[in-house]
$ cat start02.pdb   # PDB, C-alpha atoms
MODEL        1
ATOM      1  CA  MET A 250      97.406  88.509 127.900
ATOM      2  CA  LYS A 251      98.954  90.912 125.494
ATOM      3  CA  ALA A 252      98.768  94.461 126.794
ATOM      4  CA  LEU A 253      96.642  96.858 124.807
ATOM      5  CA  ALA A 254      98.654  99.608 123.151
ATOM      6  CA  ILE A 255      97.871 103.060 124.562
ATOM      7  CA  LEU A 256      99.012 106.159 122.741
ATOM      8  CA  CYS A 257      99.298 109.466 124.557
ATOM      9  CA  VAL A 258     100.513 112.679 122.897
ATOM     10  CA  LEU A 259     102.697 115.056 124.867
ATOM     11  CA  SER A 260     103.410 118.550 123.521
ATOM     12  CA  LEU A 261     106.585 120.393 124.445
ATOM     13  CA  SER A 262     107.795 123.755 123.190
ATOM     14  CA  ILE A 263     111.574 123.907 123.008
ATOM     15  CA  PHE A 264     113.367 127.137 122.136
ATOM     16  CA  SER A 265     117.134 126.957 121.949
ATOM     17  CA  LYS A 266     119.396 130.019 122.126
ATOM     18  CA  ARG A 267     122.201 128.078 120.468
ATOM     19  CA  THR A 268     122.999 128.814 116.840
ATOM     20  CA  ILE A 269     123.360 125.679 114.777
ATOM     21  CA  SER A 270     124.657 126.220 111.253
ATOM     22  CA  SER A 271     123.855 122.901 109.608
ATOM     23  CA  LYS A 272     121.150 120.273 109.499
ATOM     24  CA  VAL A 273     121.708 116.952 111.183
ATOM     25  CA  ILE A 274     121.017 114.103 108.744
ATOM     26  CA  PHE A 275     120.240 110.539 109.748
ATOM     27  CA  ASN A 276     119.990 107.769 107.145
ATOM     28  CA  ALA A 277     117.711 104.818 107.902
ATOM     29  CA  SER A 278     116.157 102.206 105.655
ATOM     30  CA  LYS A 279     117.864 103.956 102.740
ATOM     31  CA  GLN A 280     115.576 106.952 103.323
ATOM     32  CA  PRO A 281     117.191 110.140 104.698
ATOM     33  CA  TYR A 282     115.259 112.034 107.319
ATOM     34  CA  TYR A 283     116.398 114.886 109.444
ATOM     35  CA  ARG A 284     115.499 117.581 111.910
ATOM     36  CA  THR A 285     116.434 121.217 111.355
ATOM     37  CA  PRO A 286     117.510 123.919 113.820
ATOM     38  CA  GLU A 287     114.158 125.605 113.164
ATOM     39  CA  PHE A 288     112.266 122.495 114.315
ATOM     40  CA  GLY A 289     111.714 123.669 117.890
ATOM     41  CA  TYR A 290     108.271 122.299 118.757
ATOM     42  CA  LEU A 291     107.794 118.571 119.172
ATOM     43  CA  ASN A 292     104.959 116.200 119.927
ATOM     44  CA  PHE A 293     105.850 112.863 121.481
ATOM     45  CA  VAL A 294     103.841 109.654 121.345
ATOM     46  CA  PHE A 295     103.832 107.543 124.514
ATOM     47  CA  HIS A 296     104.337 103.769 124.086
ATOM     48  CA  PRO A 297     103.938 102.193 127.552
ATOM     49  CA  ASN A 298     105.874  99.081 128.528
ATOM     50  CA  SER A 299     108.048  99.318 125.424
ATOM     51  CA  LYS A 300     111.696  99.773 124.534
ATOM     52  CA  LEU A 301     113.731 100.384 121.387
ATOM     53  CA  GLU A 302     117.020  98.503 121.822
ATOM     54  CA  VAL A 303     119.554 100.133 119.475
ATOM     55  CA  GLU A 304     123.212 101.087 119.504
ATOM     56  CA  ASN A 305     124.818 104.555 119.705
ATOM     57  CA  LYS A 306     122.396 105.763 122.356
ATOM     58  CA  GLN A 307     123.190 108.502 124.864
ATOM     59  CA  GLN A 308     122.430 107.724 128.509
ATOM     60  CA  PHE A 309     122.033 109.900 131.593
ATOM     61  CA  HIS A 310     119.878 110.094 134.723
ATOM     62  CA  ALA A 311     116.769 112.251 135.015
ATOM     63  CA  GLN A 312     114.272 112.899 137.800
ATOM     64  CA  ASN A 313     111.272 112.471 135.497
ATOM     65  CA  TYR A 314     110.348 111.734 131.894
ATOM     66  CA  GLU A 315     109.772 115.436 131.134
ATOM     67  CA  GLN A 316     113.496 116.112 131.642
ATOM     68  CA  CYS A 317     114.302 113.239 129.281
ATOM     69  CA  LEU A 318     111.906 114.553 126.600
ATOM     70  CA  VAL A 319     113.331 118.071 126.850
ATOM     71  CA  ALA A 320     116.836 116.635 126.412
ATOM     72  CA  CYS A 321     115.712 114.786 123.272
ATOM     73  CA  ALA A 322     113.960 117.827 121.817
ATOM     74  CA  SER A 323     117.092 119.884 122.400
ATOM     75  CA  ASN A 324     119.369 117.295 120.778
ATOM     76  CA  MET A 325     119.314 117.326 116.971
ATOM     77  CA  THR A 326     120.396 113.680 116.761
ATOM     78  CA  CYS A 327     117.599 112.374 118.995
ATOM     79  CA  PHE A 328     114.480 110.857 117.443
ATOM     80  CA  SER A 329     113.023 108.914 120.379
ATOM     81  CA  ILE A 330     113.748 107.977 123.993
ATOM     82  CA  ASN A 331     113.576 105.077 126.417
ATOM     83  CA  PHE A 332     112.717 106.019 129.993
ATOM     84  CA  GLY A 333     113.172 103.566 132.849
ATOM     85  CA  LYS A 334     110.155 102.657 134.966
ATOM     86  CA  GLN A 335     112.088 102.112 138.189
ATOM     87  CA  PRO A 336     114.581 104.557 139.769
ATOM     88  CA  ILE A 337     118.263 103.641 139.549
ATOM     89  CA  PHE A 338     119.159 105.509 142.747
ATOM     90  CA  PHE A 339     118.161 108.529 144.837
ATOM     91  CA  TYR A 340     120.009 111.852 144.950
ATOM     92  CA  ASP A 341     119.118 114.306 147.713
ATOM     93  CA  GLY A 342     115.980 112.300 148.214
ATOM     94  CA  ASN A 343     114.951 112.554 144.550
ATOM     95  CA  PRO A 344     114.597 109.434 142.393
ATOM     96  CA  GLN A 345     116.872 109.197 139.367
ATOM     97  CA  TYR A 346     115.704 107.253 136.304
ATOM     98  CA  LEU A 347     117.625 106.013 133.280
ATOM     99  CA  CYS A 348     117.060 108.207 130.211
ATOM    100  CA  GLU A 349     118.251 106.993 126.804
ATOM    101  CA  LEU A 350     118.368 109.348 123.806
ATOM    102  CA  LEU A 351     118.101 107.307 120.615
ATOM    103  CA  PRO A 352     119.363 108.167 117.105
ATOM    104  CA  THR A 353     116.440 106.394 115.415
ATOM    105  CA  ASP A 354     112.789 105.507 116.004
ATOM    106  CA  LYS A 355     110.452 102.492 116.074
ATOM    107  CA  TYR A 356     109.512 103.002 112.410
ATOM    108  CA  ASN A 357     113.042 102.923 111.007
ATOM    109  CA  SER A 358     114.191 100.192 113.406
ATOM    110  CA  SER A 359     110.987  98.206 113.865
ATOM    111  CA  SER A 360     112.802  94.886 114.311
ATOM    112  CA  LYS A 361     114.435  96.249 117.472
ATOM    113  CA  PHE A 362     111.259  97.529 119.068
ATOM    114  CA  GLN A 363     110.399  95.472 122.157
ATOM    115  CA  SER A 364     106.805  95.454 123.339
ATOM    116  CA  PRO A 365     105.909  94.509 125.983
ATOM    117  CA  ASN A 366     109.019  95.368 127.977
ATOM    118  CA  PRO A 367     108.527  95.610 131.761
ATOM    119  CA  GLU A 368     111.566  97.812 132.398
ATOM    120  CA  SER A 369     110.909 100.800 130.198
ATOM    121  CA  ASN A 370     108.491 103.194 128.516
ATOM    122  CA  HIS A 371     109.208 104.500 125.058
ATOM    123  CA  TYR A 372     108.473 107.903 123.538
ATOM    124  CA  SER A 373     108.814 108.737 119.844
ATOM    125  CA  ILE A 374     108.458 112.010 117.955
ATOM    126  CA  ARG A 375     104.931 112.101 116.649
ATOM    127  CA  SER A 376     104.475 111.720 112.894
ATOM    128  CA  ASP A 377     101.747 110.516 110.599
ATOM    129  CA  CYS A 378     103.379 107.079 110.792
ATOM    130  CA  SER A 379     101.787 106.722 114.236
ATOM    131  CA  LYS A 380      98.425 106.455 112.422
ATOM    132  CA  SER A 381      99.646 103.322 110.567
ATOM    133  CA  PRO A 382      98.843 104.696 107.080
ATOM    134  CA  CYS A 383     100.681 101.936 105.164
ATOM    135  CA  LEU A 384      98.543  98.973 104.184
ATOM    136  CA  HIS A 385      99.491  95.303 104.739
ATOM    137  CA  ASN A 386     101.657  96.249 107.769
ATOM    138  CA  LEU A 387     104.380  97.569 105.473
ATOM    139  CA  PRO A 388     107.012  99.968 106.893
ATOM    140  CA  CYS A 389     106.326 103.683 107.249
ATOM    141  CA  ILE A 390     109.318 106.050 107.156
ATOM    142  CA  PRO A 391     108.687 109.485 108.711
ATOM    143  CA  ASN A 392     110.224 112.694 107.387
ATOM    144  CA  TYR A 393     110.631 114.972 110.390
ATOM    145  CA  HIS A 394     111.708 117.940 108.289
ATOM    146  CA  ASN A 395     108.370 118.558 106.589
ATOM    147  CA  ASN A 396     106.085 116.340 108.713
ATOM    148  CA  THR A 397     105.403 113.836 105.937
ATOM    149  CA  TYR A 398     106.018 110.123 105.535
ATOM    150  CA  GLU A 399     106.724 107.479 102.927
ATOM    151  CA  CYS A 400     105.389 103.937 102.831
ATOM    152  CA  VAL A 401     107.960 101.342 101.765
ATOM    153  CA  CYS A 402     106.010  99.521  99.061
ATOM    154  CA  PRO A 403     107.834  96.575  97.458
ATOM    155  CA  ARG A 404     107.054  96.727  93.739
ATOM    156  CA  PRO A 405     105.491  94.433  92.761
ATOM    157  CA  PRO A 406     102.908  93.684  93.973
ATOM    158  CA  TYR A 407     102.303  96.944  95.858
ATOM    159  CA  GLU A 408     101.953 100.428  94.422
ATOM    160  CA  GLY A 409     100.806 103.930  95.287
ATOM    161  CA  LYS A 410     101.369 106.072  98.359
ATOM    162  CA  HIS A 411      99.860 103.587 100.805
ATOM    163  CA  CYS A 412     100.915 100.284  99.176
ATOM    164  CA  LYS A 413      97.728  99.123  97.523
ATOM    165  CA  VAL A 414      97.956  95.809  95.729
ATOM    166  CA  CYS A 415      98.612  96.310  92.027
ATOM    167  CA  GLN A 416      95.236  96.866  90.359
ATOM    168  CA  LYS A 417      95.973  97.796  86.754
ATOM    169  CA  SER A 418      97.223  94.551  85.264
ATOM    170  CA  HIS A 419      98.429  94.567  81.677
ATOM    171  CA  ALA A 420     100.069  92.170  79.258
ATOM    172  CA  LEU A 421     103.674  91.476  80.250
ATOM    173  CA  GLY A 422     105.075  91.048  76.760
ATOM    174  CA  LEU A 423     104.492  87.674  75.123
ATOM    175  CA  GLU A 424     102.019  88.762  72.460
ATOM    176  CA  ASP A 425     103.678  92.078  71.545
ATOM    177  CA  GLY A 426     107.203  90.648  71.483
ATOM    178  CA  THR A 427     108.557  92.669  74.431
ATOM    179  CA  ILE A 428     109.731  89.390  75.914
ATOM    180  CA  PRO A 429     112.474  88.160  73.538
ATOM    181  CA  ASN A 430     112.470  84.709  71.950
ATOM    182  CA  LYS A 431     115.417  83.537  74.047
ATOM    183  CA  ALA A 432     113.406  84.222  77.238
ATOM    184  CA  ILE A 433     110.758  81.663  76.218
ATOM    185  CA  THR A 434     111.853  78.070  76.750
ATOM    186  CA  ALA A 435     110.157  74.709  77.289
ATOM    187  CA  SER A 436     110.621  71.221  78.624
ATOM    188  CA  SER A 437     110.730  70.027  74.971
ATOM    189  CA  PHE A 438     109.483  70.922  71.491
ATOM    190  CA  PHE A 439     108.521  68.886  68.458
ATOM    191  CA  GLY A 440     111.056  70.395  66.079
ATOM    192  CA  SER A 441     111.573  73.308  63.700
ATOM    193  CA  GLY A 442     108.498  75.513  63.370
ATOM    194  CA  LYS A 443     107.194  74.458  66.797
ATOM    195  CA  GLU A 444     109.744  76.169  69.085
ATOM    196  CA  PRO A 445     108.764  77.566  72.515
ATOM    197  CA  TRP A 446     109.008  81.200  71.385
ATOM    198  CA  ARG A 447     106.163  80.588  68.937
ATOM    199  CA  GLY A 448     103.846  80.074  71.910
ATOM    200  CA  ARG A 449     102.730  83.717  72.014
ATOM    201  CA  LEU A 450      99.059  84.607  72.379
ATOM    202  CA  ASN A 451      97.366  85.222  69.001
ATOM    203  CA  ASN A 452     100.456  84.124  67.090
ATOM    204  CA  VAL A 453      99.749  82.642  63.648
ATOM    205  CA  PRO A 454     101.936  80.918  61.056
ATOM    206  CA  SER A 455     104.112  83.352  59.108
ATOM    207  CA  GLN A 456     103.356  81.318  55.982
ATOM    208  CA  PRO A 457      99.830  79.865  56.309
ATOM    209  CA  ASN A 458     100.308  77.730  53.203
ATOM    210  CA  ASP A 459     103.420  76.082  54.638
ATOM    211  CA  VAL A 460     102.566  75.134  58.208
ATOM    212  CA  LYS A 461     105.270  72.483  58.240
ATOM    213  CA  ARG A 462     107.831  75.267  58.645
ATOM    214  CA  ASP A 463     105.828  77.387  61.100
ATOM    215  CA  VAL A 464     102.725  76.128  62.893
ATOM    216  CA  GLY A 465     102.330  79.392  64.894
ATOM    217  CA  THR A 466     102.482  77.774  68.314
ATOM    218  CA  TRP A 467     104.637  75.796  70.728
ATOM    219  CA  ILE A 468     104.156  72.047  70.450
ATOM    220  CA  ALA A 469     105.714  69.702  72.980
ATOM    221  CA  LYS A 470     107.746  66.768  71.710
ATOM    222  CA  SER A 471     105.810  64.195  73.704
ATOM    223  CA  ARG A 472     102.303  63.759  74.998
ATOM    224  CA  ARG A 473     102.945  63.514  78.721
ATOM    225  CA  GLN A 474     101.855  65.321  81.835
ATOM    226  CA  GLY A 475     104.442  67.799  83.155
ATOM    227  CA  GLU A 476     105.550  69.333  79.851
ATOM    228  CA  TYR A 477     105.843  73.085  80.363
ATOM    229  CA  LEU A 478     106.281  76.438  78.649
ATOM    230  CA  GLN A 479     108.632  78.688  80.646
ATOM    231  CA  ILE A 480     108.751  82.488  80.500
ATOM    232  CA  ASP A 481     111.541  84.701  81.837
ATOM    233  CA  LEU A 482     109.965  88.109  82.516
ATOM    234  CA  GLY A 483     113.380  89.737  82.842
ATOM    235  CA  GLN A 484     112.593  91.182  86.286
ATOM    236  CA  ILE A 485     110.586  90.397  89.377
ATOM    237  CA  SER A 486     106.949  91.041  88.480
ATOM    238  CA  ALA A 487     103.482  90.453  89.903
ATOM    239  CA  VAL A 488     101.509  88.022  87.745
ATOM    240  CA  THR A 489      97.739  88.255  88.200
ATOM    241  CA  MET A 490      96.253  86.492  85.167
ATOM    242  CA  VAL A 491      97.122  83.906  82.498
ATOM    243  CA  ALA A 492      95.571  83.611  79.012
ATOM    244  CA  THR A 493      95.957  80.580  76.727
ATOM    245  CA  GLN A 494      95.056  79.325  73.249
ATOM    246  CA  GLY A 495      95.668  76.158  71.261
ATOM    247  CA  ARG A 496      97.119  75.516  67.811
ATOM    248  CA  PRO A 497      95.875  78.227  65.403
ATOM    249  CA  MET A 498      95.617  76.160  62.217
ATOM    250  CA  GLY A 499      95.650  72.561  61.050
ATOM    251  CA  TYR A 500      95.131  69.884  63.678
ATOM    252  CA  ASN A 501      92.825  70.237  66.678
ATOM    253  CA  GLN A 502      95.438  70.474  69.434
ATOM    254  CA  TRP A 503      95.266  72.401  72.705
ATOM    255  CA  VAL A 504      95.855  72.214  76.454
ATOM    256  CA  THR A 505      92.742  71.540  78.538
ATOM    257  CA  SER A 506      94.191  72.111  82.020
ATOM    258  CA  TYR A 507      97.441  73.231  83.610
ATOM    259  CA  THR A 508      99.177  74.189  86.829
ATOM    260  CA  ILE A 509     101.629  77.038  87.416
ATOM    261  CA  GLN A 510     105.138  77.026  88.813
ATOM    262  CA  TYR A 511     107.105  80.177  89.610
ATOM    263  CA  SER A 512     110.596  81.179  90.725
ATOM    264  CA  THR A 513     112.612  84.291  91.479
ATOM    265  CA  ASP A 514     115.968  82.812  90.449
ATOM    266  CA  GLY A 515     115.110  80.035  87.963
ATOM    267  CA  ILE A 516     116.503  77.404  90.345
ATOM    268  CA  ALA A 517     114.057  76.994  93.225
ATOM    269  CA  TRP A 518     110.475  76.508  92.042
ATOM    270  CA  ASP A 519     107.103  76.598  93.808
ATOM    271  CA  PHE A 520     103.676  75.530  92.607
ATOM    272  CA  TYR A 521     100.869  78.045  92.776
ATOM    273  CA  PHE A 522      98.337  77.131  95.494
ATOM    274  CA  GLU A 523      94.821  78.257  96.274
ATOM    275  CA  ASN A 524      92.942  77.154  99.389
ATOM    276  CA  ASN A 525      95.976  75.126 100.529
ATOM    277  CA  ALA A 526      95.979  72.972  97.397
ATOM    278  CA  LYS A 527      97.839  73.009  94.094
ATOM    279  CA  LYS A 528      95.585  74.936  91.725
ATOM    280  CA  ILE A 529      94.595  73.212  88.477
ATOM    281  CA  PHE A 530      93.371  75.759  85.938
ATOM    282  CA  GLN A 531      90.843  74.860  83.271
ATOM    283  CA  ALA A 532      92.209  75.853  79.876
ATOM    284  CA  ASN A 533      90.983  75.538  76.297
ATOM    285  CA  SER A 534      88.255  73.598  74.535
ATOM    286  CA  ASP A 535      89.116  74.665  70.987
ATOM    287  CA  ARG A 536      92.025  76.045  69.003
ATOM    288  CA  ASN A 537      91.554  79.839  69.037
ATOM    289  CA  THR A 538      89.269  80.966  71.847
ATOM    290  CA  VAL A 539      91.287  82.878  74.465
ATOM    291  CA  GLN A 540      90.786  81.292  77.880
ATOM    292  CA  THR A 541      91.763  83.540  80.810
ATOM    293  CA  ASN A 542      92.336  82.552  84.427
ATOM    294  CA  THR A 543      92.680  85.173  87.165
ATOM    295  CA  LEU A 544      94.922  84.296  90.098
ATOM    296  CA  GLN A 545      93.375  84.652  93.521
ATOM    297  CA  ASN A 546      96.767  85.744  94.855
ATOM    298  CA  ALA A 547      99.330  87.501  92.695
ATOM    299  CA  ILE A 548     102.510  85.551  91.934
ATOM    300  CA  VAL A 549     105.648  87.595  92.600
ATOM    301  CA  ALA A 550     108.385  86.068  90.473
ATOM    302  CA  ARG A 551     110.678  86.483  87.488
ATOM    303  CA  TYR A 552     110.175  83.017  85.985
ATOM    304  CA  VAL A 553     106.803  81.398  85.330
ATOM    305  CA  ARG A 554     105.995  77.921  84.001
ATOM    306  CA  ILE A 555     102.665  76.866  82.550
ATOM    307  CA  VAL A 556     102.760  73.150  83.356
ATOM    308  CA  VAL A 557     100.524  70.906  81.235
ATOM    309  CA  ASN A 558      98.104  68.736  83.175
ATOM    310  CA  SER A 559      95.837  67.516  80.354
ATOM    311  CA  TRP A 560      95.384  68.135  76.625
ATOM    312  CA  ALA A 561      93.371  67.333  73.514
ATOM    313  CA  TYR A 562      95.115  65.195  70.864
ATOM    314  CA  HIS A 563      98.549  66.800  71.367
ATOM    315  CA  ILE A 564     100.108  69.520  73.542
ATOM    316  CA  ALA A 565      99.949  72.864  71.734
ATOM    317  CA  LEU A 566      99.972  76.179  73.580
ATOM    318  CA  ARG A 567      99.977  79.919  73.000
ATOM    319  CA  ALA A 568      99.940  82.157  76.073
ATOM    320  CA  GLU A 569     100.161  85.593  77.649
ATOM    321  CA  LEU A 570     100.858  86.628  81.233
ATOM    322  CA  TYR A 571      99.258  89.703  82.788
ATOM    323  CA  GLY A 572     100.282  91.698  85.828
ATOM    324  CA  CYS A 573     102.482  94.536  87.019
ATOM    325  CA  PRO A 574     106.207  94.799  86.299
TER
ENDMDL
END
$ encode --input "start02.pdb" --output "structure tokens"
Amino acid sequence: MKALAILCVLSLSIFSKRTISSKVIFNASKQPYYRTPEFGYLNFVFHPNSKLEVENKQQFHAQNYEQCLVACASNMTCFSINFGKQPIFFYDGNPQYLCELLPTDKYNSSSKFQSPNPESNHYSIRSDCSKSPCLHNLPCIPNYHNNTYECVCPRPPYEGKHCKVCQKSHALGLEDGTIPNKAITASSFFGSGKEPWRGRLNNVPSQPNDVKRDVGTWIAKSRRQGEYLQIDLGQISAVTMVATQGRPMGYNQWVTSYTIQYSTDGIAWDFYFENNAKKIFQANSDRNTVQTNTLQNAIVARYVRIVVNSWAYHIALRAELYGCP
């Protein structure tokens, strides 16, 4: 049975008579944090049956864990300790335990934190990271200089101080032209005036009286399942909603259902799933009504394909993607 985690806070006041002229800086997870010579009072959090296995540690023998904690508090490069549970030897009848002063902590080196570990107890300098403030189990990086912290929030889909999922979705650039024509491609198109880049939401023919030259939408060359409109967002983004329309003028042509594929590199593609099944979205039933579909789980990708599943008369599609860049 997995041992329950028990946290115990130990307070030690350390006053050093040494004069230290510079701050000691330690860089971890691309976030600098440091202790200063003025930082002379430390709280430690007790992590029983745990060990942080890292390199560049300093080792010595101590009679008890208090001696090990004092050594860490007095050492500007120490940010946590491992303390052995069993004595290594006895000296003058007193047990001697292994004390390891570590140049990092369980937050900056979480992959090397071993729990449970029967050989050791671990103590880390207390910070607000011990309260697990970052949502979705994302990393918390403490700043020991001013007793603050920073959550490492991959953007997208997370944002804000504590890594909330992106909430304020907005159009990603098809309708307003932010996404350039060359970034909009397709499996095929019917010919001039029906190119993929014309498949922008609310697009209309530039010359309504000459729709042979510009029909104001993307039209696939063939009527077959699997035709797709592909959008390169230019960067990894979180996609949360898709909007579609059919052909704006002339013939009654639109897509009635579709699936979504996505990719981060344009080479390896995945289908969007909901409830362990490929999601088929219901699309349009006329030419100009905007049909929106909200994704249950945000897609994090650079490339998105709207893959045609069914259509009315012929495949014609205008679209917009919404989310957080």
$ atom_distance --input "start02.pdb" --atom1 "atom CA of A:Ile480" --atom2 "atom CA of A:Leu387"
29.5 Å
$ residues_around --input "start02.pdb" --residues "A:Thr513" --least-positions-apart "2" --cutoff "9 Å" --atoms "all atoms listed in the file" --output "list in words"
Gln484, Ile485, Tyr511, Gly515, Ile516, Ala517, Trp518, Val549, Ala550, Arg551, Tyr552 and Val553 of chain A
$ resolve_selection --input "start02.pdb" --expression "the PyMOL selection byres ((chain A and resi 564) around 6)" --output "list in words"
Ile468, Ala469, Trp503, Val504, Trp560, His563 and Ala565 of chain A
$ closest_residue --input "start02.pdb" --among "A:Lys431, A:His371, A:Lys380, A:Arg536" --to "A:Glu302" --atoms "only C-alpha atoms"
A:His371
$ atom_distance --input "start02.pdb" --atom1 "atom CA of A:Ser512" --atom2 "atom CA of A:Thr538"
28.5 Å
$ residues_around --input "start02.pdb" --residues "A:Cys348" --least-positions-apart "2" --cutoff "8 Å" --atoms "all atoms listed in the file" --output "count of residues only"
12
$ resolve_selection --input "start02.pdb" --expression "the PyMOL selection byres ((chain A and resi 539) around 7)" --output "list in words"
Ala492, Thr493, Gln494, Asn537, Thr538, Gln540 and Thr541 of chain A
$ atom_distance --input "start02.pdb" --atom1 "atom CA of A:Arg447" --atom2 "atom CA of A:Thr489"
22.4 Å
$ residues_around --input "start02.pdb" --residues "stretch 352-364 of chain A" --least-positions-apart "3" --cutoff "6 Å" --atoms "only C-alpha atoms" --output "count of residues only"
9
$ resolve_selection --input "start02.pdb" --expression "the PyMOL selection byres ((chain A and resi 396-411) around 9)" --output "PyMOL selection string"
chain A and resi 280+376-378+382-384+387-395+412-416+485-488+547-549+572-574
$ closest_residue --input "start02.pdb" --among "A:Val464, A:Ile529, A:Leu421, A:Ile433" --to "A:Asn452" --atoms "all atoms listed in the file"
A:Val464
$ residues_around --input "start02.pdb" --residues "A:Pro445" --least-positions-apart "5" --cutoff "10 Å" --atoms "all atoms listed in the file" --output "count of residues only"
21
$ residues_near_point --input "start02.pdb" --point "(95.2, 74.4, 62.8)" --cutoff "9 Å" --atoms "only C-alpha atoms" --output "list in words"
Val460, Val464, Gly465, Gly495, Arg496, Pro497, Met498, Gly499, Tyr500, Asn501, Gln502 and Arg536 of chain A
$ write_last_selection --input "start02.pdb" --atoms "C-alpha atoms" --output "short mmCIF file (atom, residue, chain, number, x, y, z; two decimals), in the coordinates of the input"
data_model
loop_
_atom_site.label_atom_id
_atom_site.label_comp_id
_atom_site.auth_asym_id
_atom_site.auth_seq_id
_atom_site.Cartn_x
_atom_site.Cartn_y
_atom_site.Cartn_z
CA VAL A 460 102.57 75.13 58.21
CA VAL A 464 102.72 76.13 62.89
CA GLY A 465 102.33 79.39 64.89
CA GLY A 495 95.67 76.16 71.26
CA ARG A 496 97.12 75.52 67.81
CA PRO A 497 95.88 78.23 65.40
CA MET A 498 95.62 76.16 62.22
CA GLY A 499 95.65 72.56 61.05
CA TYR A 500 95.13 69.88 63.68
CA ASN A 501 92.82 70.24 66.68
CA GLN A 502 95.44 70.47 69.43
CA ARG A 536 92.02 76.04 69.00
#
$ closest_residue --input "start02.pdb" --among "A:Pro297, A:Pro336, A:Pro454, A:Gly442" --to "A:Ser373" --atoms "only C-alpha atoms"
A:Pro297
$ build_atoms --input "start02.pdb" --residues "stretch 323-335 of chain A" --atoms "N, CA, C and O atoms" --output "compact mmCIF listing (two decimals), keeping the file's coordinate frame"
# COMPACT_ATOMS: atom_id res chain seq x y z
N SER A 323 115.98 118.94 122.53
CA SER A 323 117.09 119.88 122.40
C SER A 323 118.28 119.29 121.66
O SER A 323 119.25 120.00 121.36
N ASN A 324 118.25 117.99 121.40
CA ASN A 324 119.37 117.30 120.78
C ASN A 324 118.98 116.94 119.34
O ASN A 324 118.08 116.14 119.11
N MET A 325 119.69 117.50 118.38
CA MET A 325 119.31 117.33 116.97
C MET A 325 119.47 115.90 116.48
O MET A 325 118.94 115.53 115.44
N THR A 326 120.21 115.07 117.19
CA THR A 326 120.40 113.68 116.76
C THR A 326 119.44 112.71 117.45
O THR A 326 119.53 111.51 117.24
N CYS A 327 118.52 113.23 118.25
CA CYS A 327 117.60 112.37 119.00
C CYS A 327 116.26 112.29 118.27
O CYS A 327 115.68 113.32 117.90
N PHE A 328 115.75 111.06 118.12
CA PHE A 328 114.48 110.86 117.44
C PHE A 328 113.48 110.08 118.29
O PHE A 328 112.33 109.94 117.91
N SER A 329 113.92 109.58 119.44
CA SER A 329 113.02 108.91 120.38
C SER A 329 113.80 108.67 121.67
O SER A 329 115.02 108.85 121.71
N ILE A 330 113.08 108.25 122.73
CA ILE A 330 113.75 107.98 123.99
C ILE A 330 113.19 106.71 124.62
O ILE A 330 112.06 106.30 124.35
N ASN A 331 114.02 106.08 125.46
CA ASN A 331 113.58 105.08 126.42
C ASN A 331 113.68 105.70 127.80
O ASN A 331 114.69 106.36 128.12
N PHE A 332 112.67 105.49 128.62
CA PHE A 332 112.72 106.02 129.99
C PHE A 332 112.39 104.90 130.97
O PHE A 332 111.34 104.25 130.87
N GLY A 333 113.32 104.65 131.90
CA GLY A 333 113.17 103.57 132.85
C GLY A 333 111.96 103.73 133.75
O GLY A 333 111.61 104.85 134.14
N LYS A 334 111.36 102.62 134.13
CA LYS A 334 110.16 102.66 134.97
C LYS A 334 110.48 102.64 136.46
O LYS A 334 109.65 103.04 137.28
N GLN A 335 111.68 102.18 136.80
CA GLN A 335 112.09 102.11 138.19
C GLN A 335 113.33 102.99 138.40
O GLN A 335 114.21 103.04 137.55
